[in-house]
$ cat my_file.txt   # compact mmCIF, C-alpha atoms
# COMPACT_ATOMS: atom_id res chain seq x y z
CA PRO O 25 -29.24 -87.13 -103.45
CA LYS O 26 -27.60 -85.06 -100.70
CA ASP O 27 -24.04 -86.44 -100.85
CA ASP O 28 -21.66 -83.82 -102.30
CA LEU O 29 -24.62 -81.58 -103.19
CA LYS O 30 -23.29 -78.02 -103.47
CA HIS O 31 -26.15 -76.04 -104.96
CA ILE O 32 -29.68 -76.20 -106.39
CA PHE O 33 -30.65 -74.28 -109.53
CA VAL O 34 -34.40 -73.77 -109.91
CA LEU O 35 -36.40 -73.36 -113.12
CA SER O 36 -40.13 -72.92 -112.51
CA ASP O 37 -43.36 -71.97 -114.21
CA GLY O 38 -43.88 -68.28 -113.46
CA GLN O 39 -47.64 -67.96 -113.92
CA LEU O 40 -49.25 -70.80 -111.95
CA VAL O 41 -46.65 -71.31 -109.21
CA ASN O 42 -46.62 -69.31 -105.96
CA GLY O 43 -42.93 -68.39 -105.85
CA THR O 44 -42.82 -67.75 -102.10
CA GLU O 45 -44.21 -71.17 -101.23
CA LEU O 46 -41.93 -72.79 -103.81
CA VAL O 47 -38.81 -71.27 -102.24
CA GLU O 48 -39.95 -72.10 -98.70
CA GLY O 49 -40.61 -75.72 -99.67
CA ILE O 50 -37.25 -76.13 -101.37
CA SER O 51 -35.40 -74.53 -98.45
CA LEU O 52 -37.02 -76.89 -95.95
CA ALA O 53 -35.73 -79.91 -97.88
CA LEU O 54 -32.15 -78.68 -98.34
CA PRO O 55 -29.19 -79.14 -95.97
CA ASP O 56 -28.35 -75.90 -94.12
CA ASP O 57 -25.16 -75.33 -96.14
CA VAL O 58 -26.85 -75.74 -99.55
CA LYS O 59 -28.55 -72.74 -101.15
CA ALA O 60 -30.79 -72.34 -104.17
CA THR O 61 -30.86 -69.77 -106.96
CA GLY O 62 -32.89 -69.61 -110.15
CA GLY O 63 -36.02 -68.04 -111.53
CA LEU O 64 -39.63 -68.25 -112.63
CA ALA O 65 -40.30 -68.32 -116.36
CA GLY O 66 -41.64 -65.09 -117.87
CA ASP O 67 -44.06 -64.34 -120.70
CA GLY O 68 -42.95 -60.79 -121.44
CA ASP O 69 -45.71 -58.30 -120.66
CA ARG O 70 -48.44 -60.71 -121.81
CA PHE O 71 -49.01 -62.56 -118.49
CA THR O 72 -50.77 -65.36 -120.40
CA GLN O 73 -48.86 -68.62 -119.98
CA THR O 74 -45.38 -69.88 -119.10
CA GLN O 75 -43.86 -73.33 -119.57
CA VAL O 76 -40.80 -75.26 -118.43
CA TRP O 77 -39.02 -77.81 -120.59
CA HIS O 78 -37.46 -80.97 -119.12
CA ASN O 79 -36.45 -83.69 -121.59
CA GLN O 80 -39.71 -84.69 -123.30
CA ARG O 81 -41.96 -82.70 -120.96
CA ILE O 82 -42.94 -79.16 -121.95
CA GLU O 83 -45.59 -78.07 -119.48
CA SER O 84 -47.19 -75.27 -117.54
CA GLY O 85 -46.96 -75.70 -113.78
CA LEU O 86 -43.67 -77.61 -114.02
CA VAL O 87 -40.77 -77.03 -111.61
CA VAL O 88 -37.29 -78.37 -112.39
CA LEU O 89 -34.49 -78.57 -109.79
CA VAL O 90 -30.95 -78.97 -111.09
CA GLY O 91 -28.58 -80.44 -108.50
CA LEU O 92 -24.94 -79.32 -108.79
CA TYR O 93 -22.39 -81.63 -107.19
CA GLY O 94 -18.67 -81.93 -106.62
CA LYS O 95 -16.06 -81.09 -104.01
CA LYS O 96 -14.23 -78.81 -106.47
CA LEU O 97 -17.29 -76.79 -107.37
CA HIS O 98 -17.47 -73.19 -106.12
CA ILE O 99 -20.72 -71.20 -106.18
CA GLY O 100 -21.29 -67.46 -105.87
CA HIS O 101 -24.58 -65.58 -105.79
CA GLY O 102 -25.66 -61.97 -105.62
CA HIS O 103 -28.72 -59.83 -106.24
CA LEU O 104 -29.56 -56.16 -106.41
CA GLY O 105 -32.46 -54.09 -107.73
CA GLY O 106 -31.83 -50.42 -108.30
CA TRP O 107 -35.44 -49.20 -108.04
CA LYS O 108 -36.19 -46.01 -106.11
CA ALA O 109 -38.97 -45.88 -103.51
CA PHE O 110 -41.34 -42.91 -103.44
CA GLY O 111 -44.58 -41.83 -101.80
CA PRO O 112 -45.96 -42.78 -98.38
CA GLU O 113 -45.41 -46.11 -96.65
CA ARG O 114 -48.53 -48.24 -96.31
CA ILE O 115 -49.37 -51.33 -94.24
CA ILE O 116 -50.97 -54.45 -95.71
CA THR O 117 -54.21 -54.90 -93.74
CA LYS O 118 -55.86 -57.67 -95.77
CA SER O 119 -54.29 -60.36 -97.95
CA ASP O 120 -54.44 -64.07 -98.72
CA LYS O 121 -51.01 -65.45 -99.58
CA ASN O 122 -50.04 -63.64 -102.81
CA VAL O 123 -53.39 -61.87 -103.29
CA LEU O 124 -53.51 -58.36 -101.83
CA TYR O 125 -56.88 -56.82 -100.93
CA GLU O 126 -56.22 -53.80 -98.70
CA PHE O 127 -53.57 -51.19 -97.82
CA ASP O 128 -54.32 -49.25 -94.62
CA GLY O 129 -57.88 -50.61 -94.64
CA LYS O 130 -58.53 -49.32 -98.18
CA PRO O 131 -59.00 -51.32 -101.43
CA ALA O 132 -55.50 -52.08 -102.75
CA LEU O 133 -56.21 -51.90 -106.48
CA GLU O 134 -58.12 -48.64 -106.17
CA LEU O 135 -55.23 -47.04 -104.27
CA TYR O 136 -52.61 -48.45 -106.65
CA LYS O 137 -54.48 -47.05 -109.67
CA LEU O 138 -54.67 -43.63 -108.01
CA LEU O 139 -50.89 -43.61 -107.54
CA LEU O 140 -50.23 -44.77 -111.11
CA GLY O 141 -52.37 -42.10 -112.77
CA ASP O 142 -52.55 -42.60 -116.56
CA TYR O 143 -50.41 -45.75 -116.31
CA ALA O 144 -53.38 -47.47 -114.61
CA ASN O 145 -55.04 -47.79 -118.04
CA ASP O 146 -52.39 -50.33 -119.07
CA LEU O 147 -52.55 -52.64 -116.02
CA PRO O 148 -51.32 -55.29 -115.36
CA ALA O 149 -48.47 -54.73 -117.86
CA SER O 150 -47.71 -51.20 -116.58
CA ALA O 151 -47.27 -52.61 -113.05
CA LEU O 152 -43.86 -53.87 -114.22
CA LEU O 153 -42.75 -50.23 -114.19
CA PHE O 154 -43.98 -49.65 -110.62
CA PRO O 155 -43.05 -52.51 -108.29
CA ILE O 156 -43.59 -52.47 -104.53
CA ALA O 157 -40.92 -52.59 -101.83
CA MET O 158 -42.02 -54.82 -98.94
CA THR O 159 -40.48 -55.01 -95.46
CA GLN O 160 -41.49 -57.47 -92.73
CA SER O 161 -40.63 -56.75 -89.10
CA ASP O 162 -39.49 -60.34 -88.49
CA LYS O 163 -37.31 -60.55 -91.62
CA GLN O 164 -33.98 -59.01 -92.55
CA GLY O 165 -33.88 -56.84 -95.68
CA THR O 166 -36.45 -55.55 -98.16
CA LEU O 167 -38.10 -57.62 -100.89
CA VAL O 168 -39.44 -56.25 -104.16
CA ARG O 169 -42.81 -57.50 -105.38
CA THR O 170 -44.48 -57.17 -108.79
CA VAL O 171 -48.14 -57.50 -109.82
CA LEU O 172 -48.99 -60.51 -112.01
CA SER O 173 -52.70 -59.86 -112.43
CA ILE O 174 -55.53 -57.69 -111.12
CA GLY O 175 -59.07 -58.53 -109.96
CA GLU O 176 -61.43 -55.68 -110.75
CA ASP O 177 -64.38 -57.35 -109.03
CA GLN O 178 -62.60 -57.56 -105.65
CA ASN O 179 -60.23 -54.60 -106.07
CA SER O 180 -57.38 -57.06 -105.61
CA MET O 181 -53.89 -57.58 -106.99
CA THR O 182 -52.09 -60.91 -107.38
CA PHE O 183 -48.33 -60.85 -106.93
CA ALA O 184 -45.53 -63.26 -107.87
CA GLY O 185 -44.83 -63.75 -104.15
CA ASN O 186 -46.76 -63.63 -100.90
CA MET O 187 -47.85 -60.30 -99.41
CA PRO O 188 -48.29 -60.99 -95.66
CA GLU O 189 -50.55 -58.84 -93.52
CA GLY O 190 -48.63 -56.37 -91.37
CA ALA O 191 -45.85 -55.87 -93.90
CA VAL O 192 -44.89 -52.28 -94.74
CA CYS O 193 -45.00 -51.38 -98.44
CA GLN O 194 -43.89 -48.48 -100.59
CA LEU O 195 -44.24 -47.85 -104.32
CA MET O 196 -41.08 -47.85 -106.46
CA ARG O 197 -40.15 -46.45 -109.85
CA ALA O 198 -37.34 -46.86 -112.35
CA ASN O 199 -34.11 -44.94 -112.64
CA TYR O 200 -31.96 -46.03 -115.59
CA GLU O 201 -28.62 -45.45 -113.93
CA ASN O 202 -29.69 -47.14 -110.69
CA LEU O 203 -30.93 -50.24 -112.56
CA ILE O 204 -27.67 -50.55 -114.47
CA ASP O 205 -25.61 -49.95 -111.32
CA GLY O 206 -27.73 -52.64 -109.63
CA ALA O 207 -26.58 -55.19 -112.20
CA ASN O 208 -22.96 -54.30 -111.49
CA GLY O 209 -23.61 -54.55 -107.76
CA ALA O 210 -25.22 -57.99 -108.08
CA ALA O 211 -22.17 -59.29 -109.96
CA SER O 212 -19.80 -57.75 -107.40
CA LEU O 213 -21.69 -59.40 -104.53
CA ALA O 214 -21.54 -62.75 -106.34
CA MET O 215 -17.78 -62.38 -106.80
CA GLU O 216 -17.33 -61.64 -103.09
CA ASN O 217 -19.47 -64.67 -102.31
CA ILE O 218 -17.22 -66.93 -104.39
CA ASP O 219 -14.12 -65.44 -102.71
CA ASN O 220 -13.13 -63.75 -105.99
CA ILE O 221 -12.29 -67.06 -107.64
CA PRO O 222 -12.49 -66.49 -111.44
CA ALA O 223 -15.91 -67.74 -112.53
CA GLN O 224 -16.29 -69.97 -115.59
CA LEU O 225 -20.06 -69.58 -115.98
CA ALA O 226 -22.40 -66.76 -114.98
CA ILE O 227 -26.17 -67.35 -115.01
CA LEU O 228 -28.01 -64.02 -115.03
CA ILE O 229 -31.72 -63.86 -114.24
CA SER O 230 -33.23 -60.41 -114.56
CA CYS O 231 -36.87 -59.41 -114.23
CA ILE O 232 -38.86 -58.69 -117.37
CA GLY O 233 -39.78 -55.34 -115.78
CA ARG O 234 -36.15 -54.26 -115.92
CA ARG O 235 -36.03 -55.30 -119.57
CA LEU O 236 -39.04 -53.15 -120.43
CA VAL O 237 -37.71 -50.11 -118.58
CA LEU O 238 -34.18 -50.29 -120.00
CA ASP O 239 -35.46 -50.95 -123.53
CA GLN O 240 -32.62 -50.17 -125.97
CA ARG O 241 -30.20 -49.67 -123.09
CA VAL O 242 -30.64 -53.24 -121.88
CA GLU O 243 -27.22 -54.30 -123.17
CA GLU O 244 -25.65 -51.86 -120.72
CA GLU O 245 -26.93 -54.08 -117.90
CA LEU O 246 -24.99 -57.02 -119.34
CA GLU O 247 -21.92 -54.91 -119.98
CA MET O 248 -21.85 -53.83 -116.32
CA VAL O 249 -21.92 -57.46 -115.21
CA ALA O 250 -19.20 -58.41 -117.71
CA GLU O 251 -16.94 -55.69 -116.30
CA VAL O 252 -16.84 -57.52 -112.97
CA LEU O 253 -16.19 -60.98 -114.44
CA SER O 254 -13.10 -62.43 -116.11
CA PRO O 255 -13.03 -62.25 -119.94
CA GLU O 256 -13.17 -66.07 -120.09
CA CYS O 257 -16.43 -66.28 -118.14
CA VAL O 258 -19.43 -67.35 -120.25
CA MET O 259 -22.72 -65.54 -119.55
CA THR O 260 -26.22 -66.89 -120.09
CA GLY O 261 -29.65 -66.36 -118.57
CA PHE O 262 -33.23 -65.20 -119.11
CA TYR O 263 -35.84 -62.62 -118.16
CA SER O 264 -38.22 -63.81 -115.47
CA TYR O 265 -41.36 -63.21 -113.40
CA GLY O 266 -39.42 -63.87 -110.19
CA GLU O 267 -35.81 -64.37 -109.14
CA ILE O 268 -34.53 -66.76 -106.47
CA SER O 269 -31.46 -65.92 -104.39
CA PRO O 270 -30.50 -65.73 -100.70
CA LEU O 271 -31.58 -62.38 -99.23
CA VAL O 272 -28.30 -62.12 -97.35
CA ASN O 273 -25.04 -64.02 -97.72
CA LEU O 274 -25.68 -66.75 -95.15
CA GLY O 275 -29.45 -66.47 -94.92
CA PRO O 276 -32.23 -68.58 -96.41
CA CYS O 277 -33.28 -68.24 -100.03
CA SER O 278 -35.93 -65.70 -100.94
CA LEU O 279 -38.10 -64.83 -103.90
CA HIS O 280 -37.31 -61.47 -105.48
CA ASN O 281 -39.04 -59.45 -108.19
CA GLN O 282 -37.61 -56.72 -110.44
CA THR O 283 -34.08 -57.77 -109.47
CA MET O 284 -30.91 -58.83 -111.25
CA THR O 285 -29.58 -62.07 -109.76
CA VAL O 286 -26.20 -63.52 -110.64
CA THR O 287 -25.12 -67.12 -110.02
CA LEU O 288 -21.43 -67.84 -110.60
CA LEU O 289 -19.93 -71.32 -111.06
CA SER O 290 -16.28 -72.30 -110.99
CA GLU O 291 -14.67 -75.74 -110.83
CA ASN O 292 -11.00 -76.12 -110.01
$ encode --input "my_file.txt" --output "structure tokens"
Amino acid sequence: PKDDLKHIFVLSDGQLVNGTELVEGISLALPDDVKATGGLAGDGDRFTQTQVWHNQRIESGLVVLVGLYGKKLHIGHGHLGGWKAFGPERIITKSDKNVLYEFDGKPALELYKLLLGDYANDLPASALLFPIAMTQSDKQGTLVRTVLSIGEDQNSMTFAGNMPEGAVCQLMRANYENLIDGANGAASLAMENIDNIPAQLAILISCIGRRLVLDQRVEEELEMVAEVLSPECVMTGFYSYGEISPLVNLGPCSLHNQTMTVTLLSEN
């Protein structure tokens, strides 16, 4: 129902669902002033199976949309990564939706392995440590994409979101301080978006890749978010294979990878 609808929170399978098409489909059905945030379920570094639970249904391939209603409800959202780009920029020359075949006319997987060096032996899990920054000429901002699986027979890589031909890509790597600062920045953006109204609930969705990189320092990411919020604000969330949040404040929703997204709720 669209009356008094303020926000959509998305919980989706993260292995079988094409996150880009999911977000595009949801956005088409929503009123212009209603945004969506959420995430795709993750399976750690196993990449085997994910499931979503709704009442008596616990299934792979399931997508749940939670509608939030009420004239007194205030919503804030923010996202930030913190990864650092390195190496040459490359253009996607052959792809099919979220399956990438070629960079600059060369086999994508072969080139990716060359850049990863010894880390290539642990693919696809090691790909969580080396996401790809993707920029499209007709879109505002840069999206981060992560590899879900590899196809040795076709030298291909399957991503959590679409990799359109013509997009410019660059490899990224982790920096502890930048990742932690990114969490703080995501929370600060969400607070600005909610006009600094004290939030009562914060839903944090962070990529499993960030969790693996931060390791024992992962609590610092949460502490940086808590610093921005009021002491009374309750925090919850999960680690995902893809994060959903508007790319810019007033823009359409986008699928992100390797990003901390913060959704704030307040009712007064």
$ closest_residue --input "my_file.txt" --among "O:His78, O:Val286, O:Asn281, O:Ser269" --to "Met158 (chain O)" --atoms "all atoms listed in the file"
O:Asn281
$ atom_distance --input "my_file.txt" --atom1 "CA of Leu135 (chain O)" --atom2 "CA of Ala157 (chain O)"
15.5 Å
$ atom_distance --input "my_file.txt" --atom1 "CA of Arg70 (chain O)" --atom2 "CA of Gln39 (chain O)"
10.7 Å
$ closest_residue --input "my_file.txt" --among "O:Glu83, O:Asp56, O:Glu134, O:Glu251" --to "Asp177 (chain O)" --atoms "all atoms listed in the file"
O:Glu134
$ closest_residue --input "my_file.txt" --among "O:Glu113, O:Pro155, O:Ser264, O:Ser51" --to "Leu140 (chain O)" --atoms "all atoms listed in the file"
O:Pro155
$ atom_distance --input "my_file.txt" --atom1 "CA of Arg114 (chain O)" --atom2 "CA of Pro148 (chain O)"
20.5 Å
$ closest_residue --input "my_file.txt" --among "O:Thr170, O:Ser278, O:Gln194, O:Ser290" --to "Leu225 (chain O)" --atoms "only C-alpha atoms"
O:Ser290
$ residues_around --input "my_file.txt" --residues "Gly43 (chain O)" --least-positions-apart "4" --cutoff "7 Å" --atoms "all atoms listed in the file" --output "PyMOL selection string"
chain O and resi 47+184-185+279
$ write_last_selection --input "my_file.txt" --atoms "C-alpha atoms" --output "compact mmCIF listing (two decimals), in the coordinates of the input"
# COMPACT_ATOMS: atom_id res chain seq x y z
CA VAL O 47 -38.81 -71.27 -102.24
CA ALA O 184 -45.53 -63.26 -107.87
CA GLY O 185 -44.83 -63.75 -104.15
CA LEU O 279 -38.10 -64.83 -103.90
$ residues_around --input "my_file.txt" --residues "Glu176 (chain O)" --least-positions-apart "2" --cutoff "12 Å" --atoms "all atoms listed in the file" --output "ChimeraX atom specification"
/O:125,131-134,137,147-148,173-174,178-182
$ residues_around --input "my_file.txt" --residues "Val249 (chain O)" --least-positions-apart "3" --cutoff "12 Å" --atoms "only C-alpha atoms" --output "number ranges by chain"
O: 102-104, 203-215, 226-230, 242-246, 252-255, 257-260, 284-288
$ closest_residue --input "my_file.txt" --among "O:Val171, O:Ile115, O:Glu216, O:Glu201" --to "Ala149 (chain O)" --atoms "only C-alpha atoms"
O:Val171
$ residues_near_point --input "my_file.txt" --point "(-37.8, -72.2, -115.1)" --cutoff "9 Å" --atoms "all atoms listed in the file" --output "JSON, numbers by chain"
{"O": [34, 35, 36, 37, 38, 62, 63, 64, 65, 66, 74, 75, 76, 77, 86, 87, 88, 89, 264]}
$ closest_residue --input "my_file.txt" --among "O:Arg197, O:Ile82, O:Gln160, O:Gln224" --to "Asn292 (chain O)" --atoms "all atoms listed in the file"
O:Gln224
$ residues_around --input "my_file.txt" --residues "Ile32 (chain O)" --least-positions-apart "6" --cutoff "10 Å" --atoms "only C-alpha atoms" --output "compact mmCIF listing (two decimals) with C-alpha atoms, keeping the file's coordinate frame"
# COMPACT_ATOMS: atom_id res chain seq x y z
CA ILE O 50 -37.25 -76.13 -101.37
CA SER O 51 -35.40 -74.53 -98.45
CA LEU O 54 -32.15 -78.68 -98.34
CA VAL O 58 -26.85 -75.74 -99.55
CA LYS O 59 -28.55 -72.74 -101.15
CA ALA O 60 -30.79 -72.34 -104.17
CA THR O 61 -30.86 -69.77 -106.96
CA GLY O 62 -32.89 -69.61 -110.15
CA VAL O 88 -37.29 -78.37 -112.39
CA LEU O 89 -34.49 -78.57 -109.79
CA VAL O 90 -30.95 -78.97 -111.09
CA GLY O 91 -28.58 -80.44 -108.50
CA LEU O 92 -24.94 -79.32 -108.79
CA TYR O 93 -22.39 -81.63 -107.19
$ decode --input "my_file.txt" --residues "region 78-100 of chain O" --atoms "N, CA, C and O atoms" --output "mmCIF file, in the first residue's frame"
data_model
loop_
_atom_site.group_PDB
_atom_site.id
_atom_site.type_symbol
_atom_site.label_atom_id
_atom_site.label_comp_id
_atom_site.auth_asym_id
_atom_site.auth_seq_id
_atom_site.Cartn_x
_atom_site.Cartn_y
_atom_site.Cartn_z
ATOM 1 N N HIS O 78 10.999 -15.402 6.347
ATOM 2 C CA HIS O 78 9.791 -14.596 6.491
ATOM 3 C C HIS O 78 8.672 -15.480 7.040
ATOM 4 O O HIS O 78 8.172 -16.358 6.336
ATOM 5 N N ASN O 79 8.316 -15.263 8.293
ATOM 6 C CA ASN O 79 7.310 -16.088 8.971
ATOM 7 C C ASN O 79 7.689 -17.563 8.874
ATOM 8 O O ASN O 79 8.724 -17.962 9.374
ATOM 9 N N GLN O 80 6.905 -18.365 8.187
ATOM 10 C CA GLN O 80 7.195 -19.800 8.101
ATOM 11 C C GLN O 80 8.069 -20.168 6.907
ATOM 12 O O GLN O 80 8.427 -21.331 6.737
ATOM 13 N N ARG O 81 8.411 -19.198 6.080
ATOM 14 C CA ARG O 81 9.222 -19.469 4.884
ATOM 15 C C ARG O 81 10.693 -19.166 5.159
ATOM 16 O O ARG O 81 11.039 -18.057 5.549
ATOM 17 N N ILE O 82 11.538 -20.152 4.960
ATOM 18 C CA ILE O 82 12.983 -19.974 5.046
ATOM 19 C C ILE O 82 13.541 -20.526 3.749
ATOM 20 O O ILE O 82 13.631 -21.738 3.560
ATOM 21 N N GLU O 83 13.898 -19.615 2.812
ATOM 22 C CA GLU O 83 14.188 -20.066 1.455
ATOM 23 C C GLU O 83 15.370 -19.323 0.836
ATOM 24 O O GLU O 83 15.657 -18.181 1.176
ATOM 25 N N SER O 84 16.009 -19.998 -0.111
ATOM 26 C CA SER O 84 16.937 -19.321 -1.007
ATOM 27 C C SER O 84 16.125 -18.654 -2.115
ATOM 28 O O SER O 84 15.055 -19.142 -2.480
ATOM 29 N N GLY O 85 16.629 -17.539 -2.627
ATOM 30 C CA GLY O 85 15.933 -16.840 -3.697
ATOM 31 C C GLY O 85 14.811 -15.931 -3.228
ATOM 32 O O GLY O 85 14.142 -15.306 -4.040
ATOM 33 N N LEU O 86 14.604 -15.840 -1.924
ATOM 34 C CA LEU O 86 13.491 -15.049 -1.386
ATOM 35 C C LEU O 86 13.898 -13.589 -1.200
ATOM 36 O O LEU O 86 15.023 -13.290 -0.809
ATOM 37 N N VAL O 87 12.975 -12.683 -1.509
ATOM 38 C CA VAL O 87 13.161 -11.249 -1.277
ATOM 39 C C VAL O 87 12.009 -10.759 -0.414
ATOM 40 O O VAL O 87 10.848 -11.015 -0.721
ATOM 41 N N VAL O 88 12.333 -10.068 0.673
ATOM 42 C CA VAL O 88 11.311 -9.528 1.575
ATOM 43 C C VAL O 88 11.407 -8.004 1.578
ATOM 44 O O VAL O 88 12.500 -7.449 1.755
ATOM 45 N N LEU O 89 10.286 -7.328 1.366
ATOM 46 C CA LEU O 89 10.220 -5.866 1.455
ATOM 47 C C LEU O 89 9.420 -5.489 2.695
ATOM 48 O O LEU O 89 8.284 -5.930 2.853
ATOM 49 N N VAL O 90 10.018 -4.688 3.554
ATOM 50 C CA VAL O 90 9.343 -4.215 4.763
ATOM 51 C C VAL O 90 8.918 -2.772 4.528
ATOM 52 O O VAL O 90 9.766 -1.893 4.330
ATOM 53 N N GLY O 91 7.611 -2.533 4.525
ATOM 54 C CA GLY O 91 7.100 -1.179 4.346
ATOM 55 C C GLY O 91 7.008 -0.456 5.672
ATOM 56 O O GLY O 91 6.427 -0.978 6.627
ATOM 57 N N LEU O 92 7.591 0.745 5.757
ATOM 58 C CA LEU O 92 7.539 1.556 6.977
ATOM 59 C C LEU O 92 6.613 2.743 6.727
ATOM 60 O O LEU O 92 6.784 3.475 5.755
ATOM 61 N N TYR O 93 5.656 2.922 7.629
ATOM 62 C CA TYR O 93 4.584 3.897 7.416
ATOM 63 C C TYR O 93 4.491 4.878 8.592
ATOM 64 O O TYR O 93 4.966 4.608 9.690
ATOM 65 N N GLY O 94 3.833 5.987 8.352
ATOM 66 C CA GLY O 94 3.510 6.908 9.427
ATOM 67 C C GLY O 94 3.995 8.320 9.179
ATOM 68 O O GLY O 94 5.137 8.535 8.772
ATOM 69 N N LYS O 95 3.119 9.279 9.419
ATOM 70 C CA LYS O 95 3.458 10.681 9.190
ATOM 71 C C LYS O 95 4.535 11.183 10.144
ATOM 72 O O LYS O 95 5.222 12.158 9.869
ATOM 73 N N LYS O 96 4.701 10.531 11.298
ATOM 74 C CA LYS O 96 5.687 10.979 12.291
ATOM 75 C C LYS O 96 7.029 10.268 12.153
ATOM 76 O O LYS O 96 7.936 10.510 12.949
ATOM 77 N N LEU O 97 7.133 9.418 11.158
ATOM 78 C CA LEU O 97 8.351 8.644 10.980
ATOM 79 C C LEU O 97 9.384 9.424 10.162
ATOM 80 O O LEU O 97 9.072 9.938 9.091
ATOM 81 N N HIS O 98 10.605 9.509 10.670
ATOM 82 C CA HIS O 98 11.702 10.174 9.978
ATOM 83 C C HIS O 98 12.769 9.133 9.633
ATOM 84 O O HIS O 98 13.111 8.290 10.463
ATOM 85 N N ILE O 99 13.290 9.209 8.404
ATOM 86 C CA ILE O 99 14.258 8.234 7.921
ATOM 87 C C ILE O 99 15.535 8.955 7.481
ATOM 88 O O ILE O 99 15.485 9.982 6.803
ATOM 89 N N GLY O 100 16.675 8.405 7.854
ATOM 90 C CA GLY O 100 17.957 8.906 7.376
ATOM 91 C C GLY O 100 18.762 7.768 6.786
ATOM 92 O O GLY O 100 18.633 6.620 7.211
#
